[in-house]
>>> print(open('protein_38.cif').read())   # mmCIF, C-alpha atoms
data_entry
#
loop_
_atom_site.label_atom_id
_atom_site.label_comp_id
_atom_site.auth_asym_id
_atom_site.auth_seq_id
_atom_site.Cartn_x
_atom_site.Cartn_y
_atom_site.Cartn_z
CA MET A 227 145.02 98.20 41.89
CA PRO A 228 148.82 97.84 42.06
CA ARG A 229 149.97 95.37 44.68
CA SER A 230 152.11 97.98 46.45
CA ALA A 231 149.13 100.32 46.80
CA ALA A 232 146.85 97.55 48.08
CA SER A 233 149.38 96.57 50.70
CA THR A 234 149.26 100.08 52.20
CA LEU A 235 145.48 100.05 52.74
CA VAL A 236 144.29 99.23 56.24
CA SER A 237 140.70 98.23 56.98
CA PRO A 238 138.97 100.57 59.43
CA VAL A 239 136.97 97.68 60.90
CA PRO A 240 139.65 96.32 63.26
CA ARG A 241 140.43 99.84 64.47
CA ALA A 242 136.73 100.51 65.19
CA ALA A 243 136.42 97.14 66.89
CA GLU A 244 139.40 97.96 69.09
CA ARG A 245 137.83 101.28 70.09
CA ASP A 246 134.59 99.49 70.99
CA ARG A 247 136.50 96.91 73.00
CA ARG A 248 138.39 99.56 74.96
CA ARG A 249 135.19 101.53 75.59
CA THR A 250 133.38 98.43 76.85
CA SER A 251 136.30 97.40 79.05
CA ALA A 252 136.67 100.86 80.55
CA SER A 253 132.95 100.92 81.26
CA SER A 254 133.13 97.53 82.99
CA VAL A 255 136.01 98.68 85.18
CA LEU A 256 134.33 101.95 86.17
CA ARG A 257 131.03 100.19 86.92
CA SER A 258 132.84 97.64 89.09
CA VAL A 259 134.53 100.42 91.05
CA LEU A 260 131.16 102.15 91.49
CA GLU A 261 129.47 98.99 92.74
CA HIS A 262 132.26 97.45 94.85
CA GLY A 263 134.74 100.19 95.72
CA PRO A 264 136.99 100.59 97.52
CA VAL A 265 138.08 97.48 95.64
CA ALA A 266 141.42 95.91 94.73
CA ARG A 267 142.41 95.85 91.09
CA SER A 268 142.74 92.07 91.30
CA THR A 269 139.10 91.90 92.38
CA VAL A 270 138.08 94.14 89.49
CA ALA A 271 139.88 91.75 87.15
CA ARG A 272 137.95 88.82 88.61
CA LEU A 273 134.62 90.66 88.43
CA THR A 274 135.06 91.86 84.86
CA GLY A 275 136.95 88.92 83.38
CA LEU A 276 139.68 91.28 82.14
CA SER A 277 143.36 90.56 82.56
CA PRO A 278 145.16 92.17 85.52
CA ALA A 279 147.31 94.13 83.08
CA SER A 280 144.25 95.47 81.27
CA VAL A 281 142.58 96.46 84.56
CA THR A 282 145.75 98.24 85.69
CA GLU A 283 145.88 100.14 82.40
CA HIS A 284 142.23 101.17 82.59
CA CYS A 285 142.50 102.18 86.23
CA ALA A 286 145.47 104.39 85.40
CA ARG A 287 143.53 106.03 82.58
CA LEU A 288 140.40 106.54 84.70
CA ALA A 289 142.50 107.94 87.55
CA GLY A 290 144.17 110.31 85.10
CA LEU A 291 140.74 111.54 84.07
CA GLY A 292 139.84 112.15 87.70
CA LEU A 293 137.06 109.56 87.78
CA ILE A 294 138.65 107.16 90.27
CA ARG A 295 141.35 107.45 92.94
CA GLU A 296 143.37 105.19 95.18
CA SER A 297 141.77 104.65 98.56
CA PRO A 298 143.75 106.21 101.42
CA ALA A 299 143.74 102.95 103.42
CA PRO A 300 145.79 100.10 101.85
CA ARG A 301 144.65 96.57 102.72
CA ARG A 302 146.69 93.45 103.39
CA SER A 303 145.52 90.00 102.41
CA ARG A 304 144.95 88.29 105.80
CA GLY A 305 147.54 90.62 107.29
CA VAL A 306 150.47 89.32 105.23
CA GLY A 307 152.25 90.21 102.01
CA ARG A 308 152.36 93.50 100.20
CA PRO A 309 149.38 95.76 100.92
CA HIS A 310 146.76 96.13 98.20
CA VAL A 311 145.89 99.72 97.36
CA PRO A 312 142.19 99.62 96.49
CA VAL A 313 140.57 102.07 94.11
CA GLU A 314 137.30 103.92 94.56
CA LEU A 315 135.14 106.39 92.69
CA ASP A 316 136.38 109.96 93.01
CA ASP A 317 133.08 111.56 93.92
CA ALA A 318 134.46 114.87 95.20
CA ARG A 319 135.96 116.36 92.04
CA PHE A 320 133.08 116.65 89.57
CA VAL A 321 129.37 117.37 89.44
CA VAL A 322 126.78 116.79 86.74
CA GLY A 323 123.79 118.98 86.10
CA GLY A 324 120.33 117.48 86.00
CA VAL A 325 117.23 118.99 84.41
CA HIS A 326 113.78 117.41 84.61
CA VAL A 327 111.01 119.17 82.72
CA ALA A 328 107.61 118.35 84.22
CA VAL A 329 104.29 119.92 83.23
CA PRO A 330 104.02 122.48 86.07
CA TYR A 331 107.70 123.10 86.79
CA THR A 332 111.31 122.28 85.95
CA THR A 333 113.68 120.73 88.48
CA VAL A 334 117.36 121.64 88.19
CA ALA A 335 119.91 119.80 90.30
CA LEU A 336 123.56 118.94 90.87
CA LEU A 337 124.58 115.31 91.41
CA ASP A 338 127.87 113.66 92.23
CA LEU A 339 129.18 110.60 90.36
CA ARG A 340 127.28 108.28 92.72
CA GLY A 341 123.98 109.82 91.69
CA ARG A 342 123.54 111.62 95.00
CA VAL A 343 121.70 114.93 94.82
CA LEU A 344 123.87 117.74 96.19
CA ALA A 345 121.53 120.66 95.43
CA ARG A 346 118.27 121.28 93.60
CA ARG A 347 115.70 123.93 92.81
CA GLU A 348 112.21 123.90 91.37
CA LEU A 349 111.40 126.52 88.75
CA LYS A 350 107.67 126.96 88.29
CA HIS A 351 106.72 127.51 84.67
CA GLU A 352 105.65 131.04 83.88
CA ARG A 353 104.81 129.74 80.43
CA THR A 354 105.73 126.50 78.68
CA ASP A 355 107.26 127.63 75.40
CA PRO A 356 110.50 125.64 75.13
CA GLY A 357 112.84 128.59 74.65
CA ARG A 358 111.75 130.17 77.91
CA VAL A 359 111.69 126.90 79.87
CA LEU A 360 115.19 125.95 78.76
CA ALA A 361 116.56 129.46 79.29
CA ARG A 362 115.36 129.41 82.90
CA ALA A 363 116.80 125.92 83.35
CA ALA A 364 120.19 127.14 82.14
CA GLU A 365 120.02 130.10 84.51
CA GLY A 366 119.11 127.82 87.41
CA LEU A 367 121.98 125.46 86.61
CA ALA A 368 124.44 128.35 86.37
CA ALA A 369 123.45 129.45 89.87
CA LEU A 370 123.91 125.93 91.24
CA PHE A 371 127.26 125.46 89.50
CA ALA A 372 128.46 128.74 91.03
CA GLU A 373 127.73 127.30 94.48
CA ALA A 374 129.42 123.96 93.81
CA SER A 375 132.53 124.62 95.96
CA GLY A 376 135.05 124.33 93.17
CA ARG A 377 133.70 121.09 91.68
CA ARG A 378 133.99 120.92 87.94
CA PRO A 379 130.81 120.37 85.87
CA LEU A 380 131.00 117.42 83.47
CA GLY A 381 127.82 118.10 81.56
CA VAL A 382 124.05 118.24 81.79
CA GLY A 383 121.46 115.48 81.62
CA VAL A 384 117.89 116.34 80.65
CA ALA A 385 114.87 114.11 81.29
CA VAL A 386 111.51 114.94 79.74
CA GLY A 387 108.23 113.08 79.43
CA GLY A 388 106.63 112.26 76.12
CA TRP A 389 108.48 111.11 73.00
CA VAL A 390 112.19 111.94 73.26
CA ASP A 391 114.75 110.99 70.62
CA ARG A 392 117.94 110.40 72.61
CA GLU A 393 120.21 110.15 69.57
CA THR A 394 119.40 113.66 68.36
CA GLY A 395 118.57 115.16 71.76
CA THR A 396 115.13 116.20 70.52
CA VAL A 397 111.72 116.21 72.18
CA VAL A 398 109.72 114.88 69.27
CA GLU A 399 106.35 115.34 70.97
CA HIS A 400 105.11 116.25 74.43
CA GLU A 401 101.34 116.64 74.29
CA LEU A 402 100.84 118.28 77.68
CA LEU A 403 103.58 120.88 77.16
CA GLY A 404 102.66 121.41 73.52
CA TRP A 405 106.24 120.73 72.38
CA ARG A 406 106.99 119.43 68.90
CA GLU A 407 110.46 118.75 67.47
CA VAL A 408 112.27 120.81 70.11
CA PRO A 409 116.10 120.54 69.78
CA VAL A 410 116.72 120.46 73.54
CA ARG A 411 120.34 119.36 73.35
CA GLU A 412 121.25 122.09 70.89
CA LEU A 413 119.43 124.84 72.79
CA LEU A 414 120.72 123.94 76.24
CA ALA A 415 124.29 123.27 75.09
CA ALA A 416 124.37 126.72 73.52
CA ARG A 417 123.27 128.32 76.78
CA THR A 418 125.47 126.28 79.16
CA GLY A 419 128.58 125.61 77.05
CA LEU A 420 128.52 122.01 78.34
CA PRO A 421 127.85 118.60 76.78
CA VAL A 422 124.14 117.80 77.03
CA GLU A 423 122.40 114.42 76.92
CA VAL A 424 118.60 114.14 76.62
CA ASP A 425 116.25 111.21 77.19
CA GLY A 426 112.74 110.32 78.26
CA HIS A 427 112.27 110.30 82.02
CA ALA A 428 111.19 106.64 82.30
CA ARG A 429 114.37 105.55 80.51
CA ALA A 430 116.39 108.00 82.60
CA LEU A 431 115.03 106.47 85.78
CA VAL A 432 115.55 102.87 84.69
CA ASN A 433 119.20 103.82 84.15
CA GLY A 434 119.31 105.47 87.58
CA GLU A 435 117.88 102.32 89.15
CA ARG A 436 120.45 100.12 87.39
CA LEU A 437 123.37 102.36 88.36
CA PHE A 438 122.46 103.55 91.86
CA GLY A 439 119.22 101.91 92.96
CA ARG A 440 117.77 98.61 94.09
CA ALA A 441 117.62 97.27 90.54
CA ARG A 442 121.43 97.17 90.35
CA GLY A 443 122.48 93.74 89.10
CA SER A 444 119.00 92.81 87.85
CA ARG A 445 119.03 91.05 84.48
CA SER A 446 115.86 92.80 83.28
CA VAL A 447 114.06 95.85 84.63
CA LEU A 448 110.72 97.44 83.78
CA HIS A 449 110.15 100.98 85.01
CA LEU A 450 106.65 102.43 85.09
CA PHE A 451 106.33 106.19 85.65
CA VAL A 452 102.93 107.52 86.69
CA GLY A 453 102.73 111.30 87.00
CA ASN A 454 101.08 113.86 84.74
CA VAL A 455 102.72 111.78 82.02
CA VAL A 456 102.45 107.98 82.12
CA ASP A 457 105.17 106.02 80.34
CA ALA A 458 107.47 103.03 80.70
CA ALA A 459 110.98 101.82 79.96
CA PHE A 460 112.50 98.35 79.72
CA ALA A 461 116.12 97.27 80.10
CA THR A 462 117.74 93.88 79.65
CA HIS A 463 121.21 93.42 81.13
CA ASP A 464 122.95 96.69 80.27
CA GLU A 465 120.74 97.86 77.42
CA VAL A 466 117.63 100.02 77.58
CA HIS A 467 115.32 99.42 74.66
CA HIS A 468 114.79 102.61 72.66
CA GLY A 469 113.28 101.44 69.37
CA PRO A 470 113.31 103.47 66.13
CA ARG A 471 113.80 107.15 66.98
CA SER A 472 113.50 106.25 70.68
CA ALA A 473 109.72 105.81 70.50
CA ALA A 474 109.62 102.77 72.82
CA GLY A 475 107.74 103.06 76.10
CA ALA A 476 104.81 105.14 74.82
CA ILE A 477 101.92 103.62 76.78
CA ALA A 478 99.81 106.74 77.35
CA HIS A 479 97.04 105.55 75.05
CA LEU A 480 96.85 101.91 76.06
CA PRO A 481 93.19 101.15 76.82
CA VAL A 482 92.23 100.53 80.45
CA PRO A 483 89.39 98.00 80.82
CA GLY A 484 86.42 99.79 82.38
CA GLY A 485 88.04 103.22 81.97
CA THR A 486 85.65 106.16 81.82
CA GLU A 487 87.89 109.22 81.37
CA PRO A 488 87.64 110.95 77.96
CA CYS A 489 91.01 111.37 76.26
CA PRO A 490 92.04 114.20 73.91
CA CYS A 491 92.78 111.52 71.33
CA GLY A 492 89.01 110.97 71.02
CA ARG A 493 88.81 107.66 72.83
CA THR A 494 87.78 106.84 76.40
CA GLY A 495 89.81 105.14 79.09
CA CYS A 496 93.37 105.69 77.86
CA LEU A 497 96.01 104.91 80.47
CA GLN A 498 97.36 108.44 80.91
CA VAL A 499 94.00 110.12 81.44
CA GLU A 500 92.89 107.36 83.81
CA LEU A 501 96.05 107.41 85.96
CA GLY A 502 97.45 110.90 85.42
CA GLU A 503 97.86 113.33 88.30
CA ARG A 504 95.41 115.77 86.74
CA THR A 505 92.69 113.14 87.05
CA LEU A 506 93.70 112.29 90.61
CA CYS A 507 93.54 115.95 91.65
CA ARG A 508 90.23 116.55 89.87
CA ARG A 509 88.69 113.59 91.67
CA ALA A 510 90.14 114.83 94.98
CA ARG A 511 88.61 118.28 94.40
CA ALA A 512 85.25 116.74 93.52
CA ALA A 513 85.37 114.72 96.76
CA GLY A 514 86.22 117.78 98.84
CA VAL A 515 89.69 116.54 99.78
CA THR A 516 91.56 119.56 98.46
CA ASP A 517 91.07 122.52 96.16
CA SER A 518 94.58 122.14 94.73
CA ALA A 519 95.98 120.77 91.48
CA ASN A 520 99.05 119.50 93.36
CA PRO A 521 98.99 115.73 93.97
CA MET A 522 101.19 116.15 97.04
CA HIS A 523 98.23 117.87 98.72
CA VAL A 524 96.28 114.63 98.28
CA VAL A 525 99.21 112.75 99.80
CA ALA A 526 99.31 115.21 102.71
CA ALA A 527 95.57 114.80 103.30
CA ALA A 528 95.91 111.02 103.31
CA ALA A 529 98.85 111.21 105.73
CA GLY A 530 96.70 113.42 107.96
CA GLY A 531 94.00 110.78 108.22
CA ASP A 532 91.62 111.72 105.40
CA ALA A 533 90.01 108.40 104.47
CA VAL A 534 88.75 109.66 101.10
CA ALA A 535 92.23 110.81 100.08
CA ARG A 536 93.65 107.46 101.13
CA ARG A 537 90.97 105.61 99.14
CA LEU A 538 91.72 107.68 96.01
CA LEU A 539 95.42 106.87 96.27
CA VAL A 540 94.82 103.17 96.87
CA GLU A 541 92.45 102.98 93.89
CA ARG A 542 95.04 104.69 91.70
CA ALA A 543 97.77 102.31 92.91
CA ARG A 544 95.53 99.33 92.16
CA ALA A 545 94.84 100.63 88.65
CA THR A 546 98.59 101.15 88.20
CA GLY A 547 99.08 97.53 89.22
CA ARG A 548 96.64 96.37 86.56
CA ALA A 549 98.59 98.37 83.98
CA ALA A 550 101.82 96.83 85.24
CA ALA A 551 100.27 93.36 84.90
CA LEU A 552 99.69 93.96 81.19
CA LEU A 553 103.33 94.89 80.70
CA LEU A 554 104.47 91.97 82.85
CA ASP A 555 102.60 89.57 80.58
CA VAL A 556 104.43 90.93 77.54
CA LEU A 557 107.94 91.55 78.94
CA ASN A 558 108.29 89.16 81.90
CA PRO A 559 110.97 91.24 83.68
CA GLU A 560 112.92 90.17 86.73
CA THR A 561 112.32 93.51 88.48
CA VAL A 562 109.54 96.10 88.21
CA VAL A 563 110.09 99.60 89.60
CA VAL A 564 107.14 101.96 89.92
CA THR A 565 107.32 105.72 90.44
CA GLU A 566 103.91 106.89 91.69
CA VAL A 567 103.16 109.19 94.63
CA GLY A 568 100.87 106.86 96.57
CA VAL A 569 103.19 103.89 96.19
CA ILE A 570 106.12 106.03 97.33
CA HIS A 571 104.44 107.20 100.54
CA PHE A 572 102.03 104.48 101.70
CA GLU A 573 102.58 100.77 102.27
CA GLU A 574 98.86 100.22 101.66
CA CYS A 575 99.25 101.58 98.14
CA LEU A 576 102.28 99.39 97.48
CA ASP A 577 100.32 96.36 98.67
CA ALA A 578 97.42 97.24 96.35
CA LEU A 579 99.82 97.68 93.45
CA ARG A 580 101.47 94.32 94.06
CA GLU A 581 98.17 92.52 94.44
CA ALA A 582 96.83 93.94 91.18
CA ALA A 583 100.10 93.21 89.37
CA GLY A 584 99.79 89.56 90.39
CA ASN A 585 101.22 88.01 93.54
CA SER A 586 102.03 84.77 91.74
CA ARG A 587 104.45 86.42 89.34
CA SER A 588 108.14 85.97 89.90
CA ALA A 589 109.03 89.66 89.36
CA ALA A 590 110.04 91.79 92.32
CA VAL A 591 107.73 94.84 92.34
CA LEU A 592 109.42 97.80 94.03
CA PRO A 593 108.81 101.50 94.57
CA THR A 594 111.39 103.94 93.23
CA SER A 595 114.76 103.94 95.00
CA PHE A 596 114.70 107.76 95.04
CA PRO A 597 111.49 108.75 96.87
CA ASP A 598 112.72 112.20 97.90
CA SER A 599 114.64 113.12 94.76
CA VAL A 600 113.20 111.17 91.85
CA LEU A 601 112.99 114.07 89.36
CA ALA A 602 116.46 115.37 90.18
CA VAL A 603 117.90 111.87 89.82
CA ALA A 604 116.10 111.41 86.50
CA GLY A 605 117.83 114.40 84.95
CA GLY A 606 121.28 113.63 86.30
CA SER A 607 121.04 109.94 85.38
CA VAL A 608 120.86 110.78 81.68
CA LEU A 609 124.36 112.25 81.79
CA LEU A 610 125.70 109.71 84.30
CA ASP A 611 124.52 106.81 82.14
CA ALA A 612 126.48 108.26 79.21
CA LEU A 613 129.54 108.66 81.45
CA PHE A 614 129.48 105.12 82.85
CA ARG A 615 128.68 103.64 79.44
CA ASP A 616 131.64 105.37 77.77
CA PRO A 617 133.97 106.94 80.36
CA LEU A 618 136.69 107.53 77.79
CA GLY A 619 134.46 109.21 75.22
CA ALA A 620 132.44 111.15 77.79
CA SER A 621 135.47 111.97 79.91
CA PRO A 622 136.45 115.38 81.28
CA GLU A 623 139.33 115.49 78.76
CA GLY A 624 137.20 117.13 76.15
CA ILE A 625 135.38 119.49 78.45
#
>>> encode(input="protein_38.cif", output="structure tokens")
Amino acid sequence: MPRSAASTLVSPVPRAAERDRRRTSASSVLRSVLEHGPVARSTVARLTGLSPASVTEHCARLAGLGLIRESPAPRRSRGVGRPHVPVELDDARFVVGGVHVAVPYTTVALLDLRGRVLARRELKHERTDPGRVLARAAEGLAALFAEASGRRPLGVGVAVGGWVDRETGTVVEHELLGWREVPVRELLAARTGLPVEVDGHARALVNGERLFGRARGSRSVLHLFVGNVVDAAFATHDEVHHGPRSAAGAIAHLPVPGGTEPCPCGRTGCLQVELGERTLCRRARAAGVTDSANPMHVVAAAAGGDAVARRLLVERARATGRAAALLLDVLNPETVVVTEVGVIHFEECLDALREAAGNSRSAAVLPTSFPDSVLAVAGGSVLLDALFRDPLGASPEGI
């Protein structure tokens, strides 16, 4: 190659590295404003380790995108000198859509940038074929967006149980819904005209806990979701483990010692059939607690003083604790968050869970931070995680 030609070639590696650096820095600034705002830029520089000039540049860019704003009340340092004008998250300009697809119904919701649920609706499944479920979700979101008082939608996050490939936005397999290789991102983006992010609901909730919940600042977090679907997610520092094609966290068929429930896989005592809400409700019906397939009816009976309902919930929480103990042995997280109806509503269930998980362990074992809105938060957190991870790439500029 002639020397003159070689001298004109520029390696793409430094340019890519610079983009990654700017994305990471912008993310650190936005996260610091979320966690500490209203906060002075000098404090953001100290928290992130970035130079004051870099923080000022990123704050200007984020403000230009409408993600942060200057606080209306300047502060003086000990009452002297020039006032600092702190910055804070601009949580009044945008909304994100959240979709959580459960077995009996879909939850659609609107969230602000702090992960707070502004509106939500439950859409009971008439049938579970993916085209119909996603069409109704898009219709439900459109109705909520129309009522959003002029706030601009940034995009839609979708959380689904089962095996979900986040990179392609595909539900690879959801046994209970009968879904296989469903291109959720493609289908919902076509119906809404908005960017769509898709992930498994346990990973969605571990991100929600890290951004907006009690697990914020934890160095490692295990989330265990126990509903009709039973699955888990694990995050260290700022990274959720996905594994090849996002297959991590599939614990439905882990064997439960002493389990007696037959599983469709042909074995007995798999975790999902032992702990799933279908089993809880079947046992409650057999015991005369309720004739419903809704686990909240078991919760209501227990709250009303039904001792059998309370016993069923405590037993389920204890079994969930034993499952958590297995995962604790392998992962040794700093924080464990459990989403399970008994643990959410009754201290007795939380105590049983903690005892079975092992009182001597150093992990903090906590119920979900979103007891009244966990499914809505799951959906919205998928999009919000993408926004806070890459505010420049996922910014409103391109919407």
>>> closest_residue(input="protein_38.cif", among="A:His449, A:His463, A:Arg362, A:Arg353", to="A:Thr418", atoms="all atoms listed in the file")
A:Arg362
>>> residues_around(input="protein_38.cif", residues="A:Gly290", least_positions_apart="2", cutoff="12 Å", atoms="only C-alpha atoms", output="VMD selection string")
chain A and resid 283 to 288 292 to 296 316 617 to 618 621 to 623
>>> write_last_selection(input="protein_38.cif", atoms="C-alpha atoms", output="JSON list (two decimals), in the coordinates of the input")
[["chain", "number", "residue", "atom", "x", "y", "z"],
["A", 283, "GLU", "CA", 145.88, 100.14, 82.40],
["A", 284, "HIS", "CA", 142.23, 101.17, 82.59],
["A", 285, "CYS", "CA", 142.50, 102.18, 86.23],
["A", 286, "ALA", "CA", 145.47, 104.39, 85.40],
["A", 287, "ARG", "CA", 143.53, 106.03, 82.58],
["A", 288, "LEU", "CA", 140.40, 106.54, 84.70],
["A", 292, "GLY", "CA", 139.84, 112.15, 87.70],
["A", 293, "LEU", "CA", 137.06, 109.56, 87.78],
["A", 294, "ILE", "CA", 138.65, 107.16, 90.27],
["A", 295, "ARG", "CA", 141.35, 107.45, 92.94],
["A", 296, "GLU", "CA", 143.37, 105.19, 95.18],
["A", 316, "ASP", "CA", 136.38, 109.96, 93.01],
["A", 617, "PRO", "CA", 133.97, 106.94, 80.36],
["A", 618, "LEU", "CA", 136.69, 107.53, 77.79],
["A", 621, "SER", "CA", 135.47, 111.97, 79.91],
["A", 622, "PRO", "CA", 136.45, 115.38, 81.28],
["A", 623, "GLU", "CA", 139.33, 115.49, 78.76]]
>>> resolve_selection(input="protein_38.cif", expression="the PyMOL selection byres ((chain A and resi 501-511) around 9)", output="PyMOL selection string")
chain A and resi 452-456+487+496-500+512-521+523-524+534-535+538-539+542-543+545-546
>>> write_last_selection(input="protein_38.cif", atoms="C-alpha atoms", output="PDB file, keeping the file's coordinate frame")
ATOM      1  CA  VAL A 452     102.930 107.520  86.690  1.00  0.00           C
ATOM      2  CA  GLY A 453     102.730 111.300  87.000  1.00  0.00           C
ATOM      3  CA  ASN A 454     101.080 113.860  84.740  1.00  0.00           C
ATOM      4  CA  VAL A 455     102.720 111.780  82.020  1.00  0.00           C
ATOM      5  CA  VAL A 456     102.450 107.980  82.120  1.00  0.00           C
ATOM      6  CA  GLU A 487      87.890 109.220  81.370  1.00  0.00           C
ATOM      7  CA  CYS A 496      93.370 105.690  77.860  1.00  0.00           C
ATOM      8  CA  LEU A 497      96.010 104.910  80.470  1.00  0.00           C
ATOM      9  CA  GLN A 498      97.360 108.440  80.910  1.00  0.00           C
ATOM     10  CA  VAL A 499      94.000 110.120  81.440  1.00  0.00           C
ATOM     11  CA  GLU A 500      92.890 107.360  83.810  1.00  0.00           C
ATOM     12  CA  ALA A 512      85.250 116.740  93.520  1.00  0.00           C
ATOM     13  CA  ALA A 513      85.370 114.720  96.760  1.00  0.00           C
ATOM     14  CA  GLY A 514      86.220 117.780  98.840  1.00  0.00           C
ATOM     15  CA  VAL A 515      89.690 116.540  99.780  1.00  0.00           C
ATOM     16  CA  THR A 516      91.560 119.560  98.460  1.00  0.00           C
ATOM     17  CA  ASP A 517      91.070 122.520  96.160  1.00  0.00           C
ATOM     18  CA  SER A 518      94.580 122.140  94.730  1.00  0.00           C
ATOM     19  CA  ALA A 519      95.980 120.770  91.480  1.00  0.00           C
ATOM     20  CA  ASN A 520      99.050 119.500  93.360  1.00  0.00           C
ATOM     21  CA  PRO A 521      98.990 115.730  93.970  1.00  0.00           C
ATOM     22  CA  HIS A 523      98.230 117.870  98.720  1.00  0.00           C
ATOM     23  CA  VAL A 524      96.280 114.630  98.280  1.00  0.00           C
ATOM     24  CA  VAL A 534      88.750 109.660 101.100  1.00  0.00           C
ATOM     25  CA  ALA A 535      92.230 110.810 100.080  1.00  0.00           C
ATOM     26  CA  LEU A 538      91.720 107.680  96.010  1.00  0.00           C
ATOM     27  CA  LEU A 539      95.420 106.870  96.270  1.00  0.00           C
ATOM     28  CA  ARG A 542      95.040 104.690  91.700  1.00  0.00           C
ATOM     29  CA  ALA A 543      97.770 102.310  92.910  1.00  0.00           C
ATOM     30  CA  ALA A 545      94.840 100.630  88.650  1.00  0.00           C
ATOM     31  CA  THR A 546      98.590 101.150  88.200  1.00  0.00           C
TER      32      THR A 546
END
>>> closest_atom_pairs(input="protein_38.cif", of="stretch 403-454 of chain A", to="stretch 589-596 of chain A", cutoff="8 Å", atoms="only C-alpha atoms", output="tab-separated table")
residue	atom	partner	partner_atom	distance
A:Glu435	CA	A:Ser595	CA	6.8
A:Gly439	CA	A:Ser595	CA	5.3
A:Arg440	CA	A:Ser595	CA	6.2
>>> atom_distance(input="protein_38.cif", atom1="atom CA of A:Val608", atom2="atom CA of A:Gly383")
4.7 Å
>>> closest_residue(input="protein_38.cif", among="A:Pro421, A:Gly341, A:Gly568, A:Gly324", to="A:Gly434", atoms="all atoms listed in the file")
A:Gly341
>>> residues_around(input="protein_38.cif", residues="A:His262", least_positions_apart="2", cutoff="12 Å", atoms="only C-alpha atoms", output="list in words")
Ser254, Val255, Leu256, Arg257, Ser258, Val259, Leu260, Pro264, Val265, Ala266, Arg267, Thr269, Val270, Leu273, Thr274, Pro312, Val313, Glu314, Leu315, Phe438, Arg442 and Gly443 of chain A
>>> resolve_selection(input="protein_38.cif", expression="the PyMOL selection byres ((chain A and resi 386) around 12)", output="ChimeraX atom specification")
/A:324-329,331-333,356,359-360,383-385,387-392,395-403,405,408,410-411,423-431,451,453-457,601-602,604-606,608
>>> atom_distance(input="protein_38.cif", atom1="atom CA of A:Arg580", atom2="atom CA of A:Leu437")
24.0 Å
>>> decode(input="protein_38.cif", residues="stretch 378-390 of chain A", atoms="N, CA and C atoms", output="mmCIF file, in the first residue's frame")
data_model
loop_
_atom_site.group_PDB
_atom_site.id
_atom_site.type_symbol
_atom_site.label_atom_id
_atom_site.label_comp_id
_atom_site.auth_asym_id
_atom_site.auth_seq_id
_atom_site.Cartn_x
_atom_site.Cartn_y
_atom_site.Cartn_z
ATOM 1 N N ARG A 378 -44.710 13.412 26.423
ATOM 2 C CA ARG A 378 -44.274 12.750 25.197
ATOM 3 C C ARG A 378 -43.806 11.330 25.501
ATOM 4 N N PRO A 379 -44.296 10.319 24.765
ATOM 5 C CA PRO A 379 -43.839 8.946 25.001
ATOM 6 C C PRO A 379 -42.439 8.714 24.439
ATOM 7 N N LEU A 380 -41.585 8.108 25.249
ATOM 8 C CA LEU A 380 -40.220 7.803 24.822
ATOM 9 C C LEU A 380 -40.110 6.436 24.160
ATOM 10 N N GLY A 381 -40.951 5.522 24.565
ATOM 11 C CA GLY A 381 -40.867 4.170 24.046
ATOM 12 C C GLY A 381 -41.657 3.244 24.936
ATOM 13 N N VAL A 382 -41.517 1.941 24.665
ATOM 14 C CA VAL A 382 -42.291 0.927 25.376
ATOM 15 C C VAL A 382 -41.343 -0.164 25.864
ATOM 16 N N GLY A 383 -41.490 -0.527 27.125
ATOM 17 C CA GLY A 383 -40.782 -1.675 27.674
ATOM 18 C C GLY A 383 -41.752 -2.823 27.872
ATOM 19 N N VAL A 384 -41.305 -4.027 27.516
ATOM 20 C CA VAL A 384 -42.152 -5.213 27.630
ATOM 21 C C VAL A 384 -41.441 -6.247 28.489
ATOM 22 N N ALA A 385 -42.130 -6.728 29.526
ATOM 23 C CA ALA A 385 -41.603 -7.793 30.378
ATOM 24 C C ALA A 385 -42.503 -9.017 30.244
ATOM 25 N N VAL A 386 -41.874 -10.166 30.037
ATOM 26 C CA VAL A 386 -42.606 -11.416 29.839
ATOM 27 C C VAL A 386 -41.878 -12.508 30.605
ATOM 28 N N GLY A 387 -42.624 -13.471 31.127
ATOM 29 C CA GLY A 387 -41.985 -14.623 31.748
ATOM 30 C C GLY A 387 -41.413 -15.563 30.704
ATOM 31 N N GLY A 388 -40.787 -16.620 31.168
ATOM 32 C CA GLY A 388 -40.217 -17.598 30.254
ATOM 33 C C GLY A 388 -38.862 -17.159 29.722
ATOM 34 N N TRP A 389 -38.504 -17.716 28.582
ATOM 35 C CA TRP A 389 -37.189 -17.454 27.968
ATOM 36 C C TRP A 389 -37.351 -16.307 26.977
ATOM 37 N N VAL A 390 -36.704 -15.178 27.283
ATOM 38 C CA VAL A 390 -36.811 -13.972 26.465
ATOM 39 C C VAL A 390 -35.411 -13.546 26.025
#
